[in-house]
Amino acid sequence: MTRNGSLKTHAGNNGVKYDYIKINGYHGKKEGREGREKNVPGTGVASRQQRRESFEQAPIYVAVMTYVGFGIVTLFGYLRDFLRAVGLEKCHVALEREEQKDFVPLYQDFENFYTRNLYMRVRDNWNRPVCSLPGPVFDLMERVSDDYNWTFRLTGRTLHDVINVGSYNYLGFAENNADFLKTVADKTRQYGVGVCSTRQEMGNLSSHEELEQLVAEFLSVESSMTFGMGFATNSMNIPALVGKGCLILSDELNHTSLILGARLSGATIRVFKHNNMHSLEKMLREAVVSGQPRTHRPWKKILIMVEGIYSMEGSVVRLPEIVALKKKYKAYLYLDEAHSIGAVGRSGRGVTELFDVNPADVDVMMGTFTKSFGAAGGYIAGKKELVDYLRSHSHSSVYAAAMSPPVVEQIMRAMKGIMGKDGSTEGIRRVRQLAENTRYFRARLKEMGFIIYGNDDSPVVPILLYMPGKVVAFSREMLARKIGVVVVGFPATPITEARARFCLSASHTRAMLDQVLHHLNEVGDSFILKFSRRKYPSWSELQDEKDSEPAS
């Protein structure tokens, strides 16, 4: 197989064929799995999943050049601030009015340094206006700036058929197929689009209760309750579960909604290293032995908070090991499955199914409907006592407006499709197609020589770009090739780990993925983005290995 002249097949003296690959000047043989996998402790599903996660470190020169790049743009930022101060450059930032100079300032000017001097120069790579269904392809409104991205103006032109590899439309249920959406349209005609009341007052519809029963059945738990906003599902329910005198052990890469909920709760928060069981057990042991600070009284509750799939890393929680630690130290487990529910597992049931973990071992199961189900809102599920308690103590339940009826129907439509309750196999076909697309895309990227993070089963695929200048150039070049990507940098990621985050969908065809991979290969060569020094088998070799495995 030849790929732009960089991949060649050669037969060695022993008759075995090796693929030689050239990546940014690095030459080497691609090895089989046996020589590549490390001896990871543990057995069973958990250890196999752990071996399938990759967090390769870049060469040291990449980290050095990344720091140098940020240093240069920071120096130019100070220069531009000086030019604005002396009047040689127009100042676009907000300033305090002269008559308010004796008041306490609303904001500190220096705190805005990063925004005005770094982010503004590259702001065109975010918040691009979409003017079509955000499916596997979409249309973008073209915009330009005459003042270095401080303001934009639309040109009136539209960029058609841009391949969308940035949306969380994992199962492709964000769609406008009239045949699929008939029940949603009927529900809209029957109930309208708004309830205008909370569930505890006049906004509790029969469809809300039907949805909650369906969610509980889907997750194999006793009960569930739903909320109109995914972010608020975390931030408003965690304070109802823990408070002063409680301890929260939070993964260092948890989502902002989990962090906010933990802070609002008033509980003590301690952060353990990402997916590091030694760090977590050390904190659990210390918490049990030492108790609360000063008084050394036992903690009222110890709550471990983790995510199923981490949205910036693409990594999967080490659930069996966390459940074992939770049982050992008598703690509680809060699992956020925003990105994993519907996206992983044989039938889309999330990480509990992926690891064959009993859902009853997870005390609080949380997830959102905004991704795999193509809708909005979130849920909390678990024991009936937990859900009944939250119905009267959760701020989201007591004060928030009830979920829109057509949104409820869309969630039920998607969930019934996954469960096969709609009389078809379309839902499970999408789950399997997503898994196939994920494995194919990740394997091809590794083969090309990109450093990617995360688990082989995760549809969140971060490609490490590192240097700030390359992040901007990558995003603009991909859009010029009609590929819509999401790029992320500091402060959303560590300063040396800027990346492009790809989110795969069951609605992506193989032709679409091949087109994206073709352009990624060319851009990776042009911008020197292939930093990996590891050797991986090709997709065809992986398929041969899979076909040769005995059926279980």
# chains A, B, ... in the order shown; residues from 1 in each chain; ligands from 1
$ select_by_dssp --residues "range 381-541 of chain A" --states "alpha helix (DSSP H)" --output "ChimeraX atom specification"
/A:384-393,395-399,405-419,426-448,468-480,510-527,539-541
$ residues_around --residues "Gly243 in chain A" --least-positions-apart "2" --cutoff "7 Å" --atoms "only C-alpha atoms" --output "count of residues only"
6
$ residues_around --residues "range 306-313 of chain A" --least-positions-apart "4" --cutoff "8 Å" --atoms "only C-alpha atoms" --output "list in words"
Ser250, Asp251, Leu253, Asn254, His255, Val317, Leu333, Tyr334, Leu335, Asp336, Glu337, Ala338, His339, Ser340, Gly350, Val351, Tyr453, Gly454, Ser458, Val460, Val461, Pro462, Thr493 and Arg501 of chain A
$ write_last_selection --atoms "N, CA, C and O atoms" --output "short mmCIF file (atom, residue, chain, number, x, y, z; two decimals), in the first residue's frame"
data_model
loop_
_atom_site.label_atom_id
_atom_site.label_comp_id
_atom_site.auth_asym_id
_atom_site.auth_seq_id
_atom_site.Cartn_x
_atom_site.Cartn_y
_atom_site.Cartn_z
N SER A 250 -12.66 14.23 42.99
CA SER A 250 -12.98 14.55 41.60
C SER A 250 -11.79 14.30 40.69
O SER A 250 -10.66 14.69 41.01
N ASP A 251 -12.02 13.65 39.56
CA ASP A 251 -10.98 13.48 38.55
C ASP A 251 -10.53 14.85 38.05
O ASP A 251 -11.34 15.75 37.86
N LEU A 253 -9.74 15.94 35.27
CA LEU A 253 -10.21 16.35 33.95
C LEU A 253 -11.73 16.39 33.87
O LEU A 253 -12.29 16.40 32.77
N ASN A 254 -12.41 16.43 35.01
CA ASN A 254 -13.87 16.49 35.00
C ASN A 254 -14.38 17.77 34.34
O ASN A 254 -13.72 18.81 34.36
N HIS A 255 -15.58 17.68 33.81
CA HIS A 255 -16.21 18.80 33.10
C HIS A 255 -16.53 19.95 34.05
O HIS A 255 -16.71 19.76 35.25
N VAL A 317 -13.32 6.05 31.41
CA VAL A 317 -13.13 5.83 32.84
C VAL A 317 -12.78 4.36 33.11
O VAL A 317 -13.24 3.45 32.41
N LEU A 333 -20.46 6.67 44.29
CA LEU A 333 -19.93 6.92 42.95
C LEU A 333 -20.94 7.70 42.12
O LEU A 333 -22.10 7.30 42.00
N TYR A 334 -20.46 8.82 41.55
CA TYR A 334 -21.27 9.66 40.66
C TYR A 334 -20.64 9.55 39.27
O TYR A 334 -19.51 9.97 39.06
N LEU A 335 -21.38 8.98 38.32
CA LEU A 335 -20.87 8.74 36.97
C LEU A 335 -21.58 9.63 35.96
O LEU A 335 -22.79 9.52 35.77
N ASP A 336 -20.82 10.50 35.30
CA ASP A 336 -21.35 11.40 34.26
C ASP A 336 -21.13 10.73 32.90
O ASP A 336 -20.00 10.60 32.43
N GLU A 337 -22.24 10.31 32.28
CA GLU A 337 -22.15 9.64 30.98
C GLU A 337 -22.62 10.53 29.84
O GLU A 337 -23.22 10.04 28.87
N ALA A 338 -22.34 11.81 29.91
CA ALA A 338 -22.77 12.74 28.86
C ALA A 338 -22.31 12.30 27.48
O ALA A 338 -23.07 12.33 26.51
N HIS A 339 -21.04 11.88 27.37
CA HIS A 339 -20.48 11.51 26.07
C HIS A 339 -20.49 10.01 25.82
O HIS A 339 -20.23 9.59 24.68
N SER A 340 -20.75 9.21 26.82
CA SER A 340 -20.65 7.76 26.63
C SER A 340 -22.00 7.08 26.44
O SER A 340 -22.07 6.04 25.77
N GLY A 350 -23.66 2.54 27.31
CA GLY A 350 -22.61 3.31 27.97
C GLY A 350 -21.51 2.46 28.56
O GLY A 350 -21.35 1.28 28.23
N VAL A 351 -20.75 3.06 29.48
CA VAL A 351 -19.55 2.39 29.99
C VAL A 351 -19.89 1.24 30.92
O VAL A 351 -19.06 0.32 31.09
N TYR A 453 -5.08 11.03 21.31
CA TYR A 453 -5.33 10.63 22.69
C TYR A 453 -6.58 9.76 22.75
O TYR A 453 -7.44 9.80 21.88
N GLY A 454 -6.68 9.01 23.84
CA GLY A 454 -7.93 8.38 24.18
C GLY A 454 -8.01 6.90 23.89
O GLY A 454 -7.05 6.26 23.45
N SER A 458 -13.55 5.21 21.85
CA SER A 458 -14.11 6.54 22.07
C SER A 458 -14.31 7.29 20.76
O SER A 458 -13.35 7.46 19.99
N VAL A 460 -14.68 10.37 20.52
CA VAL A 460 -13.98 11.65 20.68
C VAL A 460 -12.51 11.40 20.36
O VAL A 460 -11.85 10.63 21.07
N VAL A 461 -12.01 12.05 19.32
CA VAL A 461 -10.65 11.77 18.82
C VAL A 461 -9.83 13.06 18.80
O VAL A 461 -9.94 13.84 17.86
N PRO A 462 -9.01 13.32 19.82
CA PRO A 462 -8.17 14.52 19.81
C PRO A 462 -6.85 14.25 19.05
O PRO A 462 -6.16 13.27 19.32
N THR A 493 -7.08 23.62 27.54
CA THR A 493 -6.18 22.48 27.62
C THR A 493 -4.88 22.94 28.27
O THR A 493 -4.64 24.14 28.39
N ARG A 501 -10.14 18.53 17.98
CA ARG A 501 -10.97 17.45 18.53
C ARG A 501 -12.01 17.03 17.49
O ARG A 501 -12.87 17.82 17.09
#
$ select_by_dssp --residues "range 237-451 of chain A" --states "strand (DSSP E or B)" --output "PyMOL selection string"
chain A and resi 247-251+268-272+302-307+309+316+332-336+364-368+378-382+401
$ atom_distance --atom1 "CA of Gly69 in chain A" --atom2 "CA of Lys446 in chain A"
26.0 Å
$ atom_distance --atom1 "CA of Ala511 in chain A" --atom2 "CA of Ile452 in chain A"
21.6 Å
$ closest_residue --among "A:Met120, A:Leu171, A:Ala402, A:Leu75" --to "Arg199 in chain A" --atoms "only C-alpha atoms"
A:Ala402
$ residues_around --residues "Lys470 in chain A" --least-positions-apart "6" --cutoff "12 Å" --atoms "only C-alpha atoms" --output "JSON, numbers by chain"
{"A": [62, 65, 66, 69, 70, 122, 464, 476, 477, 478, 487, 488, 489, 497, 498, 499, 500, 523, 524, 526, 527, 528, 529]}
$ closest_residue --among "A:Lys530, A:Arg432, A:Pro491, A:Ser404" --to "Thr188 in chain A" --atoms "only C-alpha atoms"
A:Ser404
$ residues_around --residues "Pro459 in chain A" --least-positions-apart "4" --cutoff "10 Å" --atoms "only C-alpha atoms" --output "NGL selection string"
:A and (168 or 170 or 309 or 311 or 314-315 or 339-340 or 343-344 or 434-439 or 441-442 or 454-455 or 502-506)
$ residues_around --residues "Glu281 in chain A" --least-positions-apart "3" --cutoff "12 Å" --atoms "only C-alpha atoms" --output "mmCIF file with N, CA, C and O atoms, in the first residue's frame"
data_model
loop_
_atom_site.group_PDB
_atom_site.id
_atom_site.type_symbol
_atom_site.label_atom_id
_atom_site.label_comp_id
_atom_site.auth_asym_id
_atom_site.auth_seq_id
_atom_site.Cartn_x
_atom_site.Cartn_y
_atom_site.Cartn_z
ATOM 1 N N LEU A 249 -14.231 13.526 45.809
ATOM 2 C CA LEU A 249 -12.988 13.174 45.130
ATOM 3 C C LEU A 249 -13.260 13.249 43.635
ATOM 4 O O LEU A 249 -14.022 12.445 43.092
ATOM 5 N N VAL A 271 -8.795 16.623 44.418
ATOM 6 C CA VAL A 271 -8.683 16.223 43.019
ATOM 7 C C VAL A 271 -7.628 15.128 42.884
ATOM 8 O O VAL A 271 -6.501 15.278 43.362
ATOM 9 N N PHE A 272 -8.014 14.011 42.245
ATOM 10 C CA PHE A 272 -7.039 12.955 41.996
ATOM 11 C C PHE A 272 -6.617 12.954 40.530
ATOM 12 O O PHE A 272 -7.327 13.478 39.660
ATOM 13 N N LYS A 273 -5.463 12.384 40.266
ATOM 14 C CA LYS A 273 -4.912 12.383 38.916
ATOM 15 C C LYS A 273 -5.817 11.598 37.977
ATOM 16 O O LYS A 273 -6.459 10.626 38.368
ATOM 17 N N ASN A 275 -7.705 9.239 35.888
ATOM 18 C CA ASN A 275 -7.775 7.782 35.723
ATOM 19 C C ASN A 275 -6.664 7.050 36.462
ATOM 20 O O ASN A 275 -6.282 5.939 36.070
ATOM 21 N N ASN A 276 -6.149 7.662 37.522
ATOM 22 C CA ASN A 276 -5.041 7.076 38.273
ATOM 23 C C ASN A 276 -5.592 6.440 39.548
ATOM 24 O O ASN A 276 -5.976 7.138 40.488
ATOM 25 N N MET A 277 -5.643 5.132 39.565
ATOM 26 C CA MET A 277 -6.245 4.424 40.691
ATOM 27 C C MET A 277 -5.384 4.508 41.947
ATOM 28 O O MET A 277 -5.902 4.476 43.064
ATOM 29 N N HIS A 278 -4.070 4.623 41.780
ATOM 30 C CA HIS A 278 -3.207 4.764 42.952
ATOM 31 C C HIS A 278 -3.466 6.098 43.648
ATOM 32 O O HIS A 278 -3.540 6.176 44.879
ATOM 33 N N LEU A 284 -8.639 8.112 49.178
ATOM 34 C CA LEU A 284 -9.694 7.404 49.908
ATOM 35 C C LEU A 284 -9.180 6.893 51.251
ATOM 36 O O LEU A 284 -9.857 7.033 52.285
ATOM 37 N N ARG A 285 -7.994 6.309 51.244
ATOM 38 C CA ARG A 285 -7.432 5.769 52.477
ATOM 39 C C ARG A 285 -7.198 6.892 53.491
ATOM 40 O O ARG A 285 -7.530 6.761 54.679
ATOM 41 N N GLU A 286 -6.639 7.991 53.021
ATOM 42 C CA GLU A 286 -6.389 9.125 53.910
ATOM 43 C C GLU A 286 -7.688 9.692 54.465
ATOM 44 O O GLU A 286 -7.774 10.066 55.640
ATOM 45 N N ALA A 287 -8.721 9.749 53.604
ATOM 46 C CA ALA A 287 -10.005 10.290 54.046
ATOM 47 C C ALA A 287 -10.636 9.418 55.121
ATOM 48 O O ALA A 287 -11.209 9.917 56.098
ATOM 49 N N VAL A 288 -10.528 8.109 54.959
ATOM 50 C CA VAL A 288 -11.118 7.190 55.939
ATOM 51 C C VAL A 288 -10.329 7.207 57.249
ATOM 52 O O VAL A 288 -10.901 7.214 58.343
ATOM 53 N N ILE A 304 -17.193 9.952 44.917
ATOM 54 C CA ILE A 304 -16.230 9.917 43.810
ATOM 55 C C ILE A 304 -16.955 10.376 42.547
ATOM 56 O O ILE A 304 -17.993 9.823 42.182
ATOM 57 N N GLU A 321 -12.367 -0.801 38.262
ATOM 58 C CA GLU A 321 -11.441 -0.541 39.360
ATOM 59 C C GLU A 321 -11.989 0.506 40.324
ATOM 60 O O GLU A 321 -11.804 0.408 41.539
ATOM 61 N N ILE A 322 -12.677 1.512 39.784
ATOM 62 C CA ILE A 322 -13.269 2.540 40.647
ATOM 63 C C ILE A 322 -14.395 1.936 41.479
ATOM 64 O O ILE A 322 -14.543 2.249 42.670
ATOM 65 N N VAL A 323 -15.186 1.078 40.880
ATOM 66 C CA VAL A 323 -16.259 0.416 41.630
ATOM 67 C C VAL A 323 -15.666 -0.435 42.756
ATOM 68 O O VAL A 323 -16.184 -0.450 43.882
ATOM 69 N N ALA A 324 -14.558 -1.108 42.470
ATOM 70 C CA ALA A 324 -13.917 -1.923 43.508
ATOM 71 C C ALA A 324 -13.417 -1.053 44.660
ATOM 72 O O ALA A 324 -13.587 -1.404 45.840
ATOM 73 N N LEU A 325 -12.811 0.098 44.344
ATOM 74 C CA LEU A 325 -12.341 1.005 45.389
ATOM 75 C C LEU A 325 -13.506 1.602 46.166
ATOM 76 O O LEU A 325 -13.440 1.766 47.393
ATOM 77 N N LYS A 326 -14.553 1.937 45.452
ATOM 78 C CA LYS A 326 -15.744 2.501 46.103
ATOM 79 C C LYS A 326 -16.327 1.529 47.127
ATOM 80 O O LYS A 326 -16.694 1.913 48.246
ATOM 81 N N LYS A 327 -16.378 0.268 46.777
ATOM 82 C CA LYS A 327 -16.901 -0.734 47.699
ATOM 83 C C LYS A 327 -15.942 -0.959 48.869
ATOM 84 O O LYS A 327 -16.365 -1.125 50.015
ATOM 85 N N LYS A 328 -14.660 -0.958 48.576
ATOM 86 C CA LYS A 328 -13.658 -1.210 49.599
ATOM 87 C C LYS A 328 -13.678 -0.148 50.688
ATOM 88 O O LYS A 328 -13.558 -0.454 51.885
ATOM 89 N N TYR A 329 -13.858 1.117 50.290
ATOM 90 C CA TYR A 329 -13.784 2.227 51.245
ATOM 91 C C TYR A 329 -15.155 2.820 51.568
ATOM 92 O O TYR A 329 -15.242 3.886 52.163
ATOM 93 N N LYS A 330 -16.222 2.137 51.162
ATOM 94 C CA LYS A 330 -17.594 2.540 51.495
ATOM 95 C C LYS A 330 -17.901 3.974 51.037
ATOM 96 O O LYS A 330 -18.472 4.781 51.769
ATOM 97 N N ALA A 331 -17.514 4.289 49.798
ATOM 98 C CA ALA A 331 -17.785 5.607 49.221
ATOM 99 C C ALA A 331 -18.964 5.502 48.262
ATOM 100 O O ALA A 331 -19.490 4.408 47.992
#
$ residues_around --residues "range 207-210 of chain A" --least-positions-apart "6" --cutoff "8 Å" --atoms "only C-alpha atoms" --output "list of chain:residue names"
A:Thr226, A:Met403, A:Pro405, A:Val408, A:Glu409
$ closest_residue --among "A:Leu219, A:Val242, A:Met512, A:Ile302" --to "Met365 in chain A" --atoms "only C-alpha atoms"
A:Leu219
$ decode --residues "range 322-335 of chain A" --atoms "all heavy atoms" --output "PDB file, in the first residue's frame"
ATOM      1  N   ILE A 322     -12.677   1.512  39.784  1.00  0.00           N
ATOM      2  CA  ILE A 322     -13.269   2.540  40.647  1.00  0.00           C
ATOM      3  C   ILE A 322     -14.395   1.936  41.479  1.00  0.00           C
ATOM      4  O   ILE A 322     -14.543   2.249  42.670  1.00  0.00           O
ATOM      5  CB  ILE A 322     -13.761   3.728  39.804  1.00  0.00           C
ATOM      6  CG1 ILE A 322     -12.564   4.483  39.213  1.00  0.00           C
ATOM      7  CG2 ILE A 322     -14.624   4.670  40.633  1.00  0.00           C
ATOM      8  CD1 ILE A 322     -12.939   5.653  38.339  1.00  0.00           C
ATOM      9  N   VAL A 323     -15.186   1.078  40.880  1.00  0.00           N
ATOM     10  CA  VAL A 323     -16.259   0.416  41.630  1.00  0.00           C
ATOM     11  C   VAL A 323     -15.666  -0.435  42.756  1.00  0.00           C
ATOM     12  O   VAL A 323     -16.184  -0.450  43.882  1.00  0.00           O
ATOM     13  CB  VAL A 323     -17.122  -0.440  40.682  1.00  0.00           C
ATOM     14  CG1 VAL A 323     -18.042  -1.364  41.480  1.00  0.00           C
ATOM     15  CG2 VAL A 323     -17.947   0.451  39.762  1.00  0.00           C
ATOM     16  N   ALA A 324     -14.558  -1.108  42.470  1.00  0.00           N
ATOM     17  CA  ALA A 324     -13.917  -1.923  43.508  1.00  0.00           C
ATOM     18  C   ALA A 324     -13.417  -1.053  44.660  1.00  0.00           C
ATOM     19  O   ALA A 324     -13.587  -1.404  45.840  1.00  0.00           O
ATOM     20  CB  ALA A 324     -12.763  -2.716  42.900  1.00  0.00           C
ATOM     21  N   LEU A 325     -12.811   0.098  44.344  1.00  0.00           N
ATOM     22  CA  LEU A 325     -12.341   1.005  45.389  1.00  0.00           C
ATOM     23  C   LEU A 325     -13.506   1.602  46.166  1.00  0.00           C
ATOM     24  O   LEU A 325     -13.440   1.766  47.393  1.00  0.00           O
ATOM     25  CB  LEU A 325     -11.499   2.119  44.768  1.00  0.00           C
ATOM     26  CG  LEU A 325     -10.121   1.718  44.238  1.00  0.00           C
ATOM     27  CD1 LEU A 325      -9.456   2.901  43.562  1.00  0.00           C
ATOM     28  CD2 LEU A 325      -9.251   1.195  45.371  1.00  0.00           C
ATOM     29  N   LYS A 326     -14.553   1.937  45.452  1.00  0.00           N
ATOM     30  CA  LYS A 326     -15.744   2.501  46.103  1.00  0.00           C
ATOM     31  C   LYS A 326     -16.327   1.529  47.127  1.00  0.00           C
ATOM     32  O   LYS A 326     -16.694   1.913  48.246  1.00  0.00           O
ATOM     33  CB  LYS A 326     -16.773   2.839  45.033  1.00  0.00           C
ATOM     34  CG  LYS A 326     -18.179   3.094  45.548  1.00  0.00           C
ATOM     35  CD  LYS A 326     -19.186   2.311  44.732  1.00  0.00           C
ATOM     36  CE  LYS A 326     -20.480   2.210  45.458  1.00  0.00           C
ATOM     37  NZ  LYS A 326     -21.484   1.411  44.781  1.00  0.00           N
ATOM     38  N   LYS A 327     -16.378   0.268  46.777  1.00  0.00           N
ATOM     39  CA  LYS A 327     -16.901  -0.734  47.699  1.00  0.00           C
ATOM     40  C   LYS A 327     -15.942  -0.959  48.869  1.00  0.00           C
ATOM     41  O   LYS A 327     -16.365  -1.125  50.015  1.00  0.00           O
ATOM     42  CB  LYS A 327     -17.132  -2.051  46.954  1.00  0.00           C
ATOM     43  CG  LYS A 327     -18.279  -2.007  45.951  1.00  0.00           C
ATOM     44  CD  LYS A 327     -18.438  -3.359  45.261  1.00  0.00           C
ATOM     45  CE  LYS A 327     -19.630  -3.351  44.320  1.00  0.00           C
ATOM     46  NZ  LYS A 327     -19.798  -4.650  43.612  1.00  0.00           N
ATOM     47  N   LYS A 328     -14.660  -0.958  48.576  1.00  0.00           N
ATOM     48  CA  LYS A 328     -13.658  -1.210  49.599  1.00  0.00           C
ATOM     49  C   LYS A 328     -13.678  -0.148  50.688  1.00  0.00           C
ATOM     50  O   LYS A 328     -13.558  -0.454  51.885  1.00  0.00           O
ATOM     51  CB  LYS A 328     -12.275  -1.289  48.962  1.00  0.00           C
ATOM     52  CG  LYS A 328     -11.131  -1.532  49.934  1.00  0.00           C
ATOM     53  CD  LYS A 328      -9.797  -1.623  49.197  1.00  0.00           C
ATOM     54  CE  LYS A 328      -8.645  -1.847  50.172  1.00  0.00           C
ATOM     55  NZ  LYS A 328      -7.338  -1.925  49.464  1.00  0.00           N
ATOM     56  N   TYR A 329     -13.858   1.117  50.290  1.00  0.00           N
ATOM     57  CA  TYR A 329     -13.784   2.227  51.245  1.00  0.00           C
ATOM     58  C   TYR A 329     -15.155   2.820  51.568  1.00  0.00           C
ATOM     59  O   TYR A 329     -15.242   3.886  52.163  1.00  0.00           O
ATOM     60  CB  TYR A 329     -12.854   3.311  50.700  1.00  0.00           C
ATOM     61  CG  TYR A 329     -11.407   2.877  50.645  1.00  0.00           C
ATOM     62  CD1 TYR A 329     -10.854   2.381  49.469  1.00  0.00           C
ATOM     63  CD2 TYR A 329     -10.602   2.928  51.775  1.00  0.00           C
ATOM     64  CE1 TYR A 329      -9.533   1.957  49.412  1.00  0.00           C
ATOM     65  CE2 TYR A 329      -9.281   2.508  51.729  1.00  0.00           C
ATOM     66  CZ  TYR A 329      -8.755   2.026  50.546  1.00  0.00           C
ATOM     67  OH  TYR A 329      -7.452   1.612  50.501  1.00  0.00           O
ATOM     68  N   LYS A 330     -16.222   2.137  51.162  1.00  0.00           N
ATOM     69  CA  LYS A 330     -17.594   2.540  51.495  1.00  0.00           C
ATOM     70  C   LYS A 330     -17.901   3.974  51.037  1.00  0.00           C
ATOM     71  O   LYS A 330     -18.472   4.781  51.769  1.00  0.00           O
ATOM     72  CB  LYS A 330     -17.836   2.425  53.005  1.00  0.00           C
ATOM     73  CG  LYS A 330     -17.550   1.055  53.575  1.00  0.00           C
ATOM     74  CD  LYS A 330     -18.483   0.001  52.987  1.00  0.00           C
ATOM     75  CE  LYS A 330     -18.306  -1.353  53.681  1.00  0.00           C
ATOM     76  NZ  LYS A 330     -17.017  -1.994  53.383  1.00  0.00           N
ATOM     77  N   ALA A 331     -17.514   4.289  49.798  1.00  0.00           N
ATOM     78  CA  ALA A 331     -17.785   5.607  49.221  1.00  0.00           C
ATOM     79  C   ALA A 331     -18.964   5.502  48.262  1.00  0.00           C
ATOM     80  O   ALA A 331     -19.490   4.408  47.992  1.00  0.00           O
ATOM     81  CB  ALA A 331     -16.546   6.140  48.505  1.00  0.00           C
ATOM     82  N   TYR A 332     -19.382   6.651  47.738  1.00  0.00           N
ATOM     83  CA  TYR A 332     -20.436   6.704  46.726  1.00  0.00           C
ATOM     84  C   TYR A 332     -19.804   7.075  45.384  1.00  0.00           C
ATOM     85  O   TYR A 332     -18.765   7.738  45.333  1.00  0.00           O
ATOM     86  CB  TYR A 332     -21.504   7.730  47.093  1.00  0.00           C
ATOM     87  CG  TYR A 332     -22.287   7.383  48.340  1.00  0.00           C
ATOM     88  CD1 TYR A 332     -21.931   7.911  49.575  1.00  0.00           C
ATOM     89  CD2 TYR A 332     -23.381   6.530  48.280  1.00  0.00           C
ATOM     90  CE1 TYR A 332     -22.630   7.597  50.729  1.00  0.00           C
ATOM     91  CE2 TYR A 332     -24.101   6.214  49.427  1.00  0.00           C
ATOM     92  CZ  TYR A 332     -23.726   6.745  50.645  1.00  0.00           C
ATOM     93  OH  TYR A 332     -24.422   6.435  51.775  1.00  0.00           O
ATOM     94  N   LEU A 333     -20.458   6.669  44.291  1.00  0.00           N
ATOM     95  CA  LEU A 333     -19.930   6.920  42.946  1.00  0.00           C
ATOM     96  C   LEU A 333     -20.939   7.702  42.120  1.00  0.00           C
ATOM     97  O   LEU A 333     -22.102   7.299  41.995  1.00  0.00           O
ATOM     98  CB  LEU A 333     -19.589   5.597  42.259  1.00  0.00           C
ATOM     99  CG  LEU A 333     -19.095   5.693  40.803  1.00  0.00           C
ATOM    100  CD1 LEU A 333     -17.853   6.565  40.704  1.00  0.00           C
ATOM    101  CD2 LEU A 333     -18.828   4.299  40.243  1.00  0.00           C
ATOM    102  N   TYR A 334     -20.464   8.822  41.555  1.00  0.00           N
ATOM    103  CA  TYR A 334     -21.270   9.662  40.657  1.00  0.00           C
ATOM    104  C   TYR A 334     -20.636   9.551  39.273  1.00  0.00           C
ATOM    105  O   TYR A 334     -19.508   9.975  39.060  1.00  0.00           O
ATOM    106  CB  TYR A 334     -21.252  11.111  41.152  1.00  0.00           C
ATOM    107  CG  TYR A 334     -22.175  12.071  40.425  1.00  0.00           C
ATOM    108  CD1 TYR A 334     -23.339  12.551  41.031  1.00  0.00           C
ATOM    109  CD2 TYR A 334     -21.886  12.531  39.138  1.00  0.00           C
ATOM    110  CE1 TYR A 334     -24.173  13.438  40.385  1.00  0.00           C
ATOM    111  CE2 TYR A 334     -22.721  13.417  38.486  1.00  0.00           C
ATOM    112  CZ  TYR A 334     -23.861  13.878  39.113  1.00  0.00           C
ATOM    113  OH  TYR A 334     -24.692  14.767  38.471  1.00  0.00           O
ATOM    114  N   LEU A 335     -21.379   8.984  38.316  1.00  0.00           N
ATOM    115  CA  LEU A 335     -20.867   8.741  36.969  1.00  0.00           C
ATOM    116  C   LEU A 335     -21.577   9.627  35.958  1.00  0.00           C
ATOM    117  O   LEU A 335     -22.792   9.520  35.771  1.00  0.00           O
ATOM    118  CB  LEU A 335     -21.057   7.267  36.596  1.00  0.00           C
ATOM    119  CG  LEU A 335     -20.687   6.860  35.175  1.00  0.00           C
ATOM    120  CD1 LEU A 335     -19.199   7.091  34.908  1.00  0.00           C
ATOM    121  CD2 LEU A 335     -21.057   5.405  34.912  1.00  0.00           C
TER     122      LEU A 335
END
